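Student: Got a structure for you, data_12.cif, holding mmCIF, C-alpha atoms and all ligand atoms.
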```cif
data_final
loop_
_atom_site.group_PDB
_atom_site.id
_atom_site.type_symbol
_atom_site.label_atom_id
_atom_site.label_comp_id
_atom_site.auth_asym_id
_atom_site.auth_seq_id
_atom_site.Cartn_x
_atom_site.Cartn_y
_atom_site.Cartn_z
ATOM 1 C CA MET A 281 134.096 33.914 89.374
ATOM 2 C CA ARG A 282 136.645 34.051 86.585
ATOM 3 C CA PRO A 283 137.819 37.480 85.485
ATOM 4 C CA VAL A 284 136.620 38.430 81.992
ATOM 5 C CA SER A 285 139.801 40.051 80.723
ATOM 6 C CA HIS A 286 141.961 36.928 80.321
ATOM 7 C CA ILE A 287 143.461 35.829 77.020
ATOM 8 C CA GLY A 288 142.627 32.524 75.393
ATOM 9 C CA ARG A 289 139.879 30.057 74.628
ATOM 10 C CA ALA A 290 138.140 30.676 77.949
ATOM 11 C CA ALA A 291 137.206 34.139 76.635
ATOM 12 C CA GLU A 292 134.806 32.630 74.082
ATOM 13 C CA PRO A 293 131.804 31.941 76.348
ATOM 14 C CA ASP A 294 132.277 35.357 77.959
ATOM 15 C CA LYS A 295 132.212 36.983 74.517
ATOM 16 C CA GLN A 296 129.024 35.122 73.571
ATOM 17 C CA MET A 297 127.218 36.198 76.717
ATOM 18 C CA LEU A 298 128.318 39.819 76.342
ATOM 19 C CA ARG A 299 127.285 39.890 72.671
ATOM 20 C CA ARG A 300 123.772 38.789 73.611
ATOM 21 C CA GLU A 301 123.560 41.507 76.252
ATOM 22 C CA PHE A 302 124.733 44.328 73.957
ATOM 23 C CA ILE A 303 122.443 43.142 71.138
ATOM 24 C CA ALA A 304 119.462 43.046 73.545
ATOM 25 C CA VAL A 305 120.106 46.685 74.505
ATOM 26 C CA ARG A 306 120.322 47.696 70.811
ATOM 27 C CA ASN A 307 117.102 45.867 70.059
ATOM 28 C CA ARG A 308 115.268 48.052 72.561
ATOM 29 C CA LEU A 309 116.116 51.240 70.611
ATOM 30 C CA THR A 310 113.271 52.843 68.665
ATOM 31 C CA ALA A 311 113.569 53.887 65.013
ATOM 32 C CA ASP A 312 113.734 57.498 66.246
ATOM 33 C CA ASP A 313 116.608 56.663 68.632
ATOM 34 C CA VAL A 314 118.535 55.014 65.787
ATOM 35 C CA ARG A 315 117.906 57.917 63.396
ATOM 36 C CA GLU A 316 118.913 60.569 65.910
ATOM 37 C CA ALA A 317 122.085 58.685 66.878
ATOM 38 C CA ALA A 318 123.049 58.231 63.205
ATOM 39 C CA GLY A 319 122.979 61.986 62.572
ATOM 40 C CA ALA A 320 125.128 62.727 65.616
ATOM 41 C CA LEU A 321 127.508 59.884 64.786
ATOM 42 C CA ALA A 322 128.079 61.198 61.259
ATOM 43 C CA GLU A 323 128.823 64.689 62.609
ATOM 44 C CA ARG A 324 131.317 63.378 65.165
ATOM 45 C CA ALA A 325 133.009 61.068 62.670
ATOM 46 C CA LEU A 326 133.392 63.803 60.060
ATOM 47 C CA GLU A 327 135.338 65.851 62.618
ATOM 48 C CA LEU A 328 138.031 63.153 62.813
ATOM 49 C CA PRO A 329 141.309 64.301 61.224
ATOM 50 C CA GLU A 330 141.900 60.681 60.132
ATOM 51 C CA LEU A 331 138.800 60.905 57.934
ATOM 52 C CA ALA A 332 139.384 64.493 56.830
ATOM 53 C CA HIS A 333 142.684 63.472 55.258
ATOM 54 C CA ALA A 334 141.704 60.051 53.945
ATOM 55 C CA ARG A 335 141.466 59.422 50.217
ATOM 56 C CA THR A 336 140.177 55.862 50.617
ATOM 57 C CA VAL A 337 137.969 54.805 53.547
ATOM 58 C CA ALA A 338 136.835 51.222 54.144
ATOM 59 C CA ALA A 339 133.394 51.338 55.755
ATOM 60 C CA TYR A 340 130.160 49.285 55.954
ATOM 61 C CA VAL A 341 126.419 49.835 55.610
ATOM 62 C CA SER A 342 124.650 49.632 58.958
ATOM 63 C CA VAL A 343 121.590 47.403 59.324
ATOM 64 C CA GLY A 344 118.793 47.250 61.907
ATOM 65 C CA SER A 345 119.687 48.873 65.204
ATOM 66 C CA GLU A 346 123.410 49.240 64.457
ATOM 67 C CA PRO A 347 124.681 52.833 64.760
ATOM 68 C CA GLY A 348 123.682 54.305 61.388
ATOM 69 C CA THR A 349 126.399 54.832 58.786
ATOM 70 C CA LEU A 350 124.536 55.897 55.628
ATOM 71 C CA ALA A 351 124.687 59.663 56.273
ATOM 72 C CA LEU A 352 128.411 59.298 56.904
ATOM 73 C CA LEU A 353 128.960 57.258 53.714
ATOM 74 C CA ASP A 354 127.086 59.874 51.688
ATOM 75 C CA ALA A 355 129.096 62.737 53.188
ATOM 76 C CA LEU A 356 132.412 60.990 52.462
ATOM 77 C CA HIS A 357 131.290 60.055 48.939
ATOM 78 C CA ALA A 358 130.190 63.673 48.306
ATOM 79 C CA ARG A 359 133.661 64.871 49.376
ATOM 80 C CA GLY A 360 135.200 62.706 46.690
ATOM 81 C CA VAL A 361 136.520 60.081 49.103
ATOM 82 C CA ARG A 362 136.686 56.558 47.676
ATOM 83 C CA VAL A 363 134.468 54.539 50.031
ATOM 84 C CA LEU A 364 135.020 50.763 50.023
ATOM 85 C CA LEU A 365 132.194 48.535 51.265
ATOM 86 C CA PRO A 366 132.423 44.877 52.267
ATOM 87 C CA VAL A 367 130.947 41.900 50.426
ATOM 88 C CA LEU A 368 130.633 38.893 52.726
ATOM 89 C CA LEU A 369 132.308 35.734 51.363
ATOM 90 C CA PRO A 370 131.220 32.172 52.272
ATOM 91 C CA ASP A 371 134.073 31.765 54.788
ATOM 92 C CA ASN A 372 133.188 35.122 56.467
ATOM 93 C CA ASP A 373 136.187 36.830 54.856
ATOM 94 C CA LEU A 374 135.387 40.131 53.088
ATOM 95 C CA ASP A 375 135.671 41.194 49.443
ATOM 96 C CA TRP A 376 135.231 44.923 48.663
ATOM 97 C CA GLY A 377 133.357 47.160 46.219
ATOM 98 C CA SER A 378 133.031 50.944 45.839
ATOM 99 C CA TYR A 379 130.129 52.986 47.182
ATOM 100 C CA ALA A 380 128.495 55.049 44.416
ATOM 101 C CA GLY A 381 125.369 56.267 46.239
ATOM 102 C CA GLU A 382 122.391 54.416 47.689
ATOM 103 C CA ASP A 383 121.385 53.079 44.268
ATOM 104 C CA SER A 384 124.649 51.146 44.152
ATOM 105 C CA LEU A 385 123.580 48.958 47.102
ATOM 106 C CA ALA A 386 121.603 45.718 47.148
ATOM 107 C CA ARG A 387 120.132 43.892 50.127
ATOM 108 C CA VAL A 388 121.756 40.478 50.342
ATOM 109 C CA GLN A 389 120.665 37.612 52.574
ATOM 110 C CA HIS A 390 123.569 35.284 53.352
ATOM 111 C CA GLY A 391 121.925 32.040 54.470
ATOM 112 C CA GLY A 392 120.774 32.327 58.055
ATOM 113 C CA LYS A 393 122.996 35.328 58.781
ATOM 114 C CA MET A 394 121.761 38.868 59.095
ATOM 115 C CA ALA A 395 120.781 40.582 55.822
ATOM 116 C CA LEU A 396 123.392 43.096 54.667
ATOM 117 C CA PHE A 397 123.515 45.905 52.104
ATOM 118 C CA GLU A 398 126.376 45.299 49.719
ATOM 119 C CA PRO A 399 127.812 47.186 46.717
ATOM 120 C CA THR A 400 126.564 45.909 43.356
ATOM 121 C CA GLY A 401 129.542 47.104 41.284
ATOM 122 C CA THR A 402 132.859 45.414 40.510
ATOM 123 C CA ARG A 403 134.310 43.208 43.233
ATOM 124 C CA LEU A 404 137.788 44.496 43.792
ATOM 125 C CA GLY A 405 139.200 41.569 45.780
ATOM 126 C CA PRO A 406 139.881 41.032 49.519
ATOM 127 C CA HIS A 407 143.320 42.622 49.171
ATOM 128 C CA THR A 408 141.816 46.013 48.194
ATOM 129 C CA VAL A 409 141.218 46.885 51.844
ATOM 130 C CA THR A 410 144.971 47.344 52.255
ATOM 131 C CA GLU A 411 144.615 50.545 50.156
ATOM 132 C CA ALA A 412 142.449 52.222 52.824
ATOM 133 C CA ASP A 413 143.788 55.207 54.763
ATOM 134 C CA ALA A 414 141.092 54.709 57.408
ATOM 135 C CA MET A 415 138.717 51.899 58.278
ATOM 136 C CA LEU A 416 135.339 52.164 60.023
ATOM 137 C CA LEU A 417 134.571 48.909 61.820
ATOM 138 C CA PRO A 418 131.302 47.565 63.187
ATOM 139 C CA GLY A 419 131.290 46.216 66.714
ATOM 140 C CA LEU A 420 129.225 45.699 69.822
ATOM 141 C CA ALA A 421 131.601 47.220 72.365
ATOM 142 C CA VAL A 422 135.133 48.498 72.869
ATOM 143 C CA ASP A 423 137.180 48.786 76.045
ATOM 144 C CA THR A 424 139.624 51.359 77.383
ATOM 145 C CA ARG A 425 142.500 49.551 75.632
ATOM 146 C CA GLY A 426 140.719 49.753 72.279
ATOM 147 C CA MET A 427 139.938 46.026 72.277
ATOM 148 C CA ARG A 428 136.779 45.483 70.193
ATOM 149 C CA LEU A 429 134.004 42.975 70.698
ATOM 150 C CA GLY A 430 132.633 42.095 67.235
ATOM 151 C CA ARG A 431 129.640 39.994 66.234
ATOM 152 C CA GLY A 432 131.699 36.837 66.287
ATOM 153 C CA GLY A 433 131.946 36.112 62.570
ATOM 154 C CA GLY A 434 135.654 36.876 62.621
ATOM 155 C CA SER A 435 135.355 38.926 59.384
ATOM 156 C CA TYR A 436 137.238 41.886 60.768
ATOM 157 C CA ASP A 437 139.729 39.685 62.586
ATOM 158 C CA ARG A 438 140.620 38.366 59.129
ATOM 159 C CA VAL A 439 140.818 41.866 57.667
ATOM 160 C CA LEU A 440 143.018 43.097 60.507
ATOM 161 C CA ALA A 441 145.305 40.073 60.104
ATOM 162 C CA ARG A 442 145.555 40.859 56.352
ATOM 163 C CA LEU A 443 146.476 44.485 57.100
ATOM 164 C CA GLU A 444 149.182 43.319 59.500
ATOM 165 C CA ARG A 445 150.615 40.833 56.964
ATOM 166 C CA THR A 446 150.874 43.533 54.322
ATOM 167 C CA ASP A 447 152.222 46.125 56.755
ATOM 168 C CA ALA A 448 149.232 48.418 56.064
ATOM 169 C CA HIS A 449 148.381 50.808 58.892
ATOM 170 C CA PRO A 450 145.046 52.553 58.330
ATOM 171 C CA ALA A 451 143.396 54.431 61.189
ATOM 172 C CA LEU A 452 140.992 51.930 62.804
ATOM 173 C CA VAL A 453 137.760 53.482 64.071
ATOM 174 C CA VAL A 454 134.833 51.545 65.561
ATOM 175 C CA LEU A 455 131.337 53.086 65.466
ATOM 176 C CA LEU A 456 129.281 52.504 68.617
ATOM 177 C CA TYR A 457 126.595 53.850 70.930
ATOM 178 C CA ASP A 458 127.773 55.698 74.057
ATOM 179 C CA SER A 459 126.978 52.828 76.453
ATOM 180 C CA GLU A 460 129.131 50.429 74.419
ATOM 181 C CA VAL A 461 132.435 51.990 75.478
ATOM 182 C CA VAL A 462 133.225 49.890 78.548
ATOM 183 C CA GLU A 463 136.045 49.155 80.999
ATOM 184 C CA ARG A 464 136.997 45.674 79.705
ATOM 185 C CA VAL A 465 135.914 43.167 77.063
ATOM 186 C CA PRO A 466 137.273 39.590 76.932
ATOM 187 C CA VAL A 467 140.125 39.168 74.456
ATOM 188 C CA GLN A 468 141.721 36.293 72.574
ATOM 189 C CA ALA A 469 145.200 36.113 71.086
ATOM 190 C CA HIS A 470 144.010 37.094 67.569
ATOM 191 C CA ASP A 471 142.169 40.253 68.697
ATOM 192 C CA GLN A 472 143.707 43.570 67.679
ATOM 193 C CA ALA A 473 143.098 46.994 69.193
ATOM 194 C CA VAL A 474 141.439 49.856 67.305
ATOM 195 C CA HIS A 475 142.709 53.431 67.568
ATOM 196 C CA ALA A 476 139.450 55.229 68.263
ATOM 197 C CA ALA A 477 135.729 54.832 68.812
ATOM 198 C CA VAL A 478 133.152 57.324 67.616
ATOM 199 C CA THR A 479 129.825 57.462 69.439
ATOM 200 C CA PRO A 480 126.954 59.968 69.055
ATOM 201 C CA SER A 481 128.383 62.060 71.883
ATOM 202 C CA GLY A 482 132.064 62.038 71.022
ATOM 203 C CA VAL A 483 135.382 60.519 70.058
ATOM 204 C CA HIS A 484 137.352 58.169 72.324
ATOM 205 C CA ARG A 485 141.006 57.605 71.550
ATOM 206 C CA PHE A 486 142.952 54.603 72.762
ATOM 207 C CA ARG A 487 146.619 54.446 73.542
ATOM 208 C CA ARG A 488 148.291 51.289 72.242
ATOM 209 C CA GLY A 489 149.245 49.007 75.122
ATOM 210 C CA ALA A 490 147.071 50.933 77.617
HETATM 211 N N1 LIG B 501 126.215 46.253 58.821
HETATM 212 C C1 LIG B 501 127.204 45.376 58.937
HETATM 213 N N2 LIG B 501 127.865 44.983 57.873
HETATM 214 C C2 LIG B 501 128.871 44.086 58.006
HETATM 215 C C3 LIG B 501 129.216 43.545 59.253
HETATM 216 C C4 LIG B 501 128.484 44.004 60.389
HETATM 217 O O1 LIG B 501 128.717 43.622 61.547
HETATM 218 N N3 LIG B 501 127.503 44.920 60.178
HETATM 219 N N4 LIG B 501 130.236 42.598 59.328
HETATM 220 C C5 LIG B 501 130.823 42.186 60.523
HETATM 221 O O2 LIG B 501 131.644 41.338 60.572
HETATM 222 C C6 LIG B 501 130.728 42.002 58.084
HETATM 223 C C7 LIG B 501 129.856 40.845 57.697
HETATM 224 N N5 LIG B 501 130.179 39.708 58.460
HETATM 225 C C8 LIG B 501 129.307 38.894 59.099
HETATM 226 C C9 LIG B 501 129.812 37.705 59.597
HETATM 227 C C10 LIG B 501 128.986 36.808 60.225
HETATM 228 C C11 LIG B 501 127.661 37.121 60.434
HETATM 229 C C12 LIG B 501 126.844 36.138 61.179
HETATM 230 O O3 LIG B 501 127.192 34.980 61.274
HETATM 231 N N6 LIG B 501 125.782 36.561 61.782
HETATM 232 C C13 LIG B 501 124.933 35.677 62.544
HETATM 233 C C14 LIG B 501 125.280 35.663 63.993
HETATM 234 C C15 LIG B 501 125.888 36.936 64.543
HETATM 235 C C16 LIG B 501 124.916 38.063 64.802
HETATM 236 O O4 LIG B 501 123.710 37.879 65.012
HETATM 237 O O5 LIG B 501 125.347 39.176 64.880
HETATM 238 C C17 LIG B 501 123.498 36.117 62.358
HETATM 239 O O6 LIG B 501 123.272 37.141 61.722
HETATM 240 O O7 LIG B 501 122.629 35.388 62.803
HETATM 241 C C18 LIG B 501 127.164 38.326 59.957
HETATM 242 C C19 LIG B 501 127.982 39.218 59.298
HETATM 243 C C20 LIG B 501 130.742 43.029 56.994
HETATM 244 N N7 LIG B 501 129.518 43.730 56.887
HETATM 245 N N1 LIG B 502 142.899 35.744 60.923
HETATM 246 C C1 LIG B 502 141.904 34.892 61.059
HETATM 247 N N2 LIG B 502 141.623 34.007 60.086
HETATM 248 C C2 LIG B 502 140.632 33.120 60.215
HETATM 249 N N3 LIG B 502 139.815 33.056 61.295
HETATM 250 C C3 LIG B 502 140.022 33.899 62.289
HETATM 251 C C4 LIG B 502 141.075 34.881 62.235
HETATM 252 N N4 LIG B 502 141.034 35.615 63.378
HETATM 253 C C5 LIG B 502 140.008 35.109 64.090
HETATM 254 N N5 LIG B 502 139.409 34.098 63.461
HETATM 255 C C6 LIG B 502 138.247 33.314 63.955
HETATM 256 O O1 LIG B 502 137.058 34.090 63.873
HETATM 257 C C7 LIG B 502 136.146 33.680 64.895
HETATM 258 C C8 LIG B 502 135.504 34.871 65.576
HETATM 259 O O2 LIG B 502 136.454 35.597 66.327
HETATM 260 P P1 LIG B 502 135.983 36.699 67.386
HETATM 261 O O3 LIG B 502 135.081 36.059 68.387
HETATM 262 O O4 LIG B 502 137.169 37.439 67.881
HETATM 263 O O5 LIG B 502 135.092 37.628 66.433
HETATM 264 P P2 LIG B 502 134.826 39.162 66.501
HETATM 265 O O6 LIG B 502 136.090 39.949 66.506
HETATM 266 O O7 LIG B 502 133.889 39.389 67.620
HETATM 267 O O8 LIG B 502 134.050 39.357 65.108
HETATM 268 P P3 LIG B 502 134.373 40.284 63.842
HETATM 269 O O9 LIG B 502 135.840 40.201 63.564
HETATM 270 O O10 LIG B 502 133.533 39.688 62.748
HETATM 271 O O11 LIG B 502 133.932 41.647 64.189
HETATM 272 C C9 LIG B 502 136.948 32.827 65.867
HETATM 273 O O12 LIG B 502 136.515 31.495 65.685
HETATM 274 C C10 LIG B 502 138.377 33.010 65.427
HETATM 275 O O13 LIG B 502 139.127 31.839 65.629
#
```
How does this structure look as structure tokens?

Tutor:
Amino acid sequence: MRPVSHIGRAAEPDKQMLRREFIAVRNRLTADDVREAAGALAERALELPELAHARTVAAYVSVGSEPGTLALLDALHARGVRVLLPVLLPDNDLDWGSYAGEDSLARVQHGGKMALFEPTGTRLGPHTVTEADAMLLPGLAVDTRGMRLGRGGGSYDRVLARLERTDAHPALVVLLYDSEVVERVPVQAHDQAVHAAVTPSGVHRFRRGA
């Protein structure tokens, strides 16, 4: 058997298989499980110094069985933090808009992709994310190096590449369930490590190059 932690094209089928497995586990969660986890996740995340000091936070609105983010968005918004939310573009890149409460969101179906909740206000442009002091990222798993397995759209790979090009260095925090922090995920050359993961039971910090 091939190891799963190699770099390169061979990682792609491994990623696909792992994504299916993590999604299957999420799909077995009940509405109560999701609700309970969302409350705990918001509490843990709000304890992060990176969020306590942030004036602008790039985040996202969870859907389905993803770890819930709405309570966290509301708490940040109530504190006066500027919360940026993604708008999915046709090439999977992300534009951004501001969160102004639940009424400022609309459910958007992008072709055959999953339905998302997106901000209805002014679109600020893809570059706006470089103004964030912290970024909350979706994912399916993260490993002990901070390498993140995303859904495979490459949206956040693009965002992270944009941050690197503009020399922006926000705190990168992925929101996950406890069982999604694992020993190793497959990586490709374009993948970038996050600094921390927040799960309902705690915060995991990753050392760069670990
Ligand atoms: N709640 C939430 N919002 C989010 C993301 C996310 O993962 N979760 N994104 C994360 O990048 C961005 C949207 N990007 C996306 C890119 C591609 C697909 C997509 O192709 N989905 C396919 C297959 C993948 C899947 O099932 O997960 C589909 O829905 O069938 C979805 C979202 C920004 N907003
Ligand atoms: N900077 C980039 N610009 C354009 N496409 C990119 C970039 N980085 C990665 N991609 C492409 O995006 C696709 C998905 O990459 P990958 O499997 O790493 O997604 P992911 O990290 O799991 O998803 P996401 O970033 O949406 O959370 C790949 O085909 C990859 O080549």

Student: Since I can't run it myself right now, could you work out what the PyMOL selection byres (((not hetatm)) within 6 of (chain B and resi 501)) selects here and report it as an MDAnalysis selection string?

Tutor: chainID A and resid 340:343 366 368 372 392:394 396 418 431 433 435:436

Student: Quick one: of A:Glu346, A:Asp471, A:Glu463, A:Glu382, who's nearest to ligand LIG 502 (chain B), counting all atoms listed in the file?

Tutor: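 Of A:Glu346, A:Asp471, A:Glu463, A:Glu382, the one nearest ligand LIG 502 (chain B), counting all atoms listed in the file, is A:Asp471.
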
Student: Please identify every polymer residue within 9 Å of ligand LIG 502 (chain B), using all atoms listed in the file, and present the set as a VMD selection string.

Tutor: chain A and resid 291 to 292 295 to 296 299 371 to 373 417 to 420 428 to 442 467 to 472

Student: For Thr349 (chain A), which residue among A:Leu365, A:Leu309, A:Arg485, A:Leu374 is the nearest when counting only C-alpha atoms?

Tutor: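 Using only C-alpha atoms, Thr349 (chain A) sits closest to A:Leu365.
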
Student: What does the structure give for the distance between CA of Ala358 (chain A) and CA of Tyr379 (chain A), in Å to one decimal?

Tutor: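 A separation of 10.7 Å between them.
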
Student: Counting only C-alpha atoms, figure out which residue out of A:Arg487, A:His390, A:Arg359, A:Arg315 gets nearest to Asp423 (chain A).

Tutor: A:Arg487
